[in-house]
Amino acid sequence: MPADKKKTTTANASPERRRELLNIAAEVFAAHGYNATTVRRIADEAGMLAGSLYYHFDSKESMLDEILSSFLTELWDGYDAVLAARLGPRETIEALVTESFREIDRHRAAVAIYQKEARHLTAQPRFGYLADSQQKFERAWLGTLERGVADGVFRADLDIRLTYRFVRDTVWVAASWYRPGGQHSPEEIARQYLSMVLDGIALRA
């Protein structure tokens with residue numbers, strides 16, 4: 001399809017239908033991987049012809065870009081609000097973890113895609129924002145942990161970077177098993193995770 005025609009048809013596409021197709025594409029990308037997913041596979045899942053998908057998007061890369069950028073924009077809206085509240089270090093960690101689980105609830109497939117694909121996507125200019133977001137993410141978490149140690153809220157012998165990696169991986173791997181509408185709400189899962197991370201699992205003497 002010629003590029004100028006793609007731009008015209010994409011601009012006239014229904015926002016609701018675009019969101020529906022993006023949700024379908026996100027699930028397919030998460031299940032099969034970006035490289036292994038074809039436009040035809042996405043179209044098949046959407047119950048439409050492959051050529052008809054170009055009415056809404058000019059490429060599967062555009063779909064992936066919109067999926068990831070929308071997820072990260074919403075994530076940072078939540079994170080920035082937490083950081084702007086200037087809570088204590090422990091309360092900030094609690095709020096960031098809770099916000100993370102809410103994002104997994106809202107964008108489970110996008111989180112799974114990000115985990116699988118971000119490393120090689122960052123080499124592409126179009127996805128350079130992924131590296132920027134990762135650096136901002138690290139600064140937010142490491143800065144909070146460092147502040148907690150300095151304030152005497154967290155242990156002085158804490159390995160800050162190791163702790164950050166542990167909490168990060170423990171939280172975001174939940175996208176591999178979490179399903180919206182399950183037995184526990186995102187807030188309840190966050191509370192249980194925070195109890196284990198901050199207070200441990202062994203009984204105190």
# chains A, B, ... in the order shown; residues from 1 in each chain; ligands from 1

$ residues_around --residues "Ser100 in chain A" --least-positions-apart "3" --cutoff "9 Å" --atoms "only C-alpha atoms" --output "MDAnalysis selection string"
chainID A and resid 75 78:79 95:97 103:105 171:172 186 190

$ residues_around --residues "Ala26 in chain A" --least-positions-apart "4" --cutoff "10 Å" --atoms "only C-alpha atoms" --output "CSV table (one decimal) with N, CA and C atoms, in the first residue's frame"
chain,number,residue,atom,x,y,z
A,20,GLU,N,-9.1,-1.5,20.0
A,20,GLU,CA,-9.4,-2.9,20.0
A,20,GLU,C,-8.4,-3.7,19.2
A,21,LEU,N,-7.9,-3.2,18.1
A,21,LEU,CA,-6.9,-3.9,17.3
A,21,LEU,C,-5.5,-3.9,18.1
A,22,LEU,N,-5.2,-2.8,18.7
A,22,LEU,CA,-4.0,-2.8,19.5
A,22,LEU,C,-4.0,-3.8,20.6
A,30,ALA,N,2.7,-10.6,22.7
A,30,ALA,CA,3.1,-11.2,24.0
A,30,ALA,C,3.2,-12.7,23.9
A,31,ALA,N,2.3,-13.3,23.2
A,31,ALA,CA,2.3,-14.8,23.1
A,31,ALA,C,3.3,-15.4,22.2
A,33,GLY,N,5.9,-13.4,20.3
A,33,GLY,CA,7.1,-12.6,20.1
A,33,GLY,C,6.9,-11.7,18.9
A,34,TYR,N,7.5,-10.6,18.9
A,34,TYR,CA,7.3,-9.6,17.8
A,34,TYR,C,7.8,-10.1,16.5
A,42,ILE,N,-2.1,-11.2,13.1
A,42,ILE,CA,-2.9,-10.2,13.9
A,42,ILE,C,-4.3,-10.1,13.2
A,63,MET,N,2.2,-0.5,15.3
A,63,MET,CA,1.4,-1.0,16.3
A,63,MET,C,2.2,-1.3,17.6
A,64,LEU,N,3.3,-1.9,17.5
A,64,LEU,CA,4.2,-2.1,18.7
A,64,LEU,C,4.6,-0.8,19.3
A,66,GLU,N,3.0,2.0,19.3
A,66,GLU,CA,1.8,2.6,20.0
A,66,GLU,C,1.5,1.9,21.3
A,67,ILE,N,1.6,0.5,21.3
A,67,ILE,CA,1.4,-0.3,22.5
A,67,ILE,C,2.4,0.1,23.6
A,68,LEU,N,3.6,0.1,23.3
A,68,LEU,CA,4.7,0.4,24.3
A,68,LEU,C,4.6,1.8,24.8
A,107,HIS,N,-2.2,-3.3,31.6
A,107,HIS,CA,-1.4,-3.5,30.4
A,107,HIS,C,-0.6,-4.7,30.5
A,108,ARG,N,-1.2,-5.8,30.9
A,108,ARG,CA,-0.4,-7.0,31.1
A,108,ARG,C,0.4,-7.4,29.9
A,109,ALA,N,-0.2,-7.4,28.7
A,109,ALA,CA,0.4,-7.9,27.5
A,109,ALA,C,1.6,-6.9,27.1
A,110,ALA,N,1.4,-5.6,27.3
A,110,ALA,CA,2.4,-4.6,27.0
A,110,ALA,C,3.6,-4.8,27.9
A,111,VAL,N,3.4,-5.1,29.2
A,111,VAL,CA,4.5,-5.4,30.1
A,111,VAL,C,5.3,-6.6,29.7
A,112,ALA,N,4.5,-7.7,29.3
A,112,ALA,CA,5.2,-8.9,28.8
A,112,ALA,C,6.0,-8.6,27.6
A,113,ILE,N,5.5,-7.8,26.6
A,113,ILE,CA,6.2,-7.4,25.4
A,113,ILE,C,7.5,-6.7,25.8

$ atom_distance --atom1 "CA of Ile201 in chain A" --atom2 "CA of Ile93 in chain A"
18.3 Å

$ select_by_dssp --residues "range 57-194 of chain A" --states "alpha helix (DSSP H)" --output "ChimeraX atom specification"
/A:60-84,89-106,108-121,128-150,160-172,186-194

$ closest_residue --among "A:His56, A:Ala131, A:Glu45, A:Arg106" --to "Arg19 in chain A" --atoms "only C-alpha atoms"
A:His56
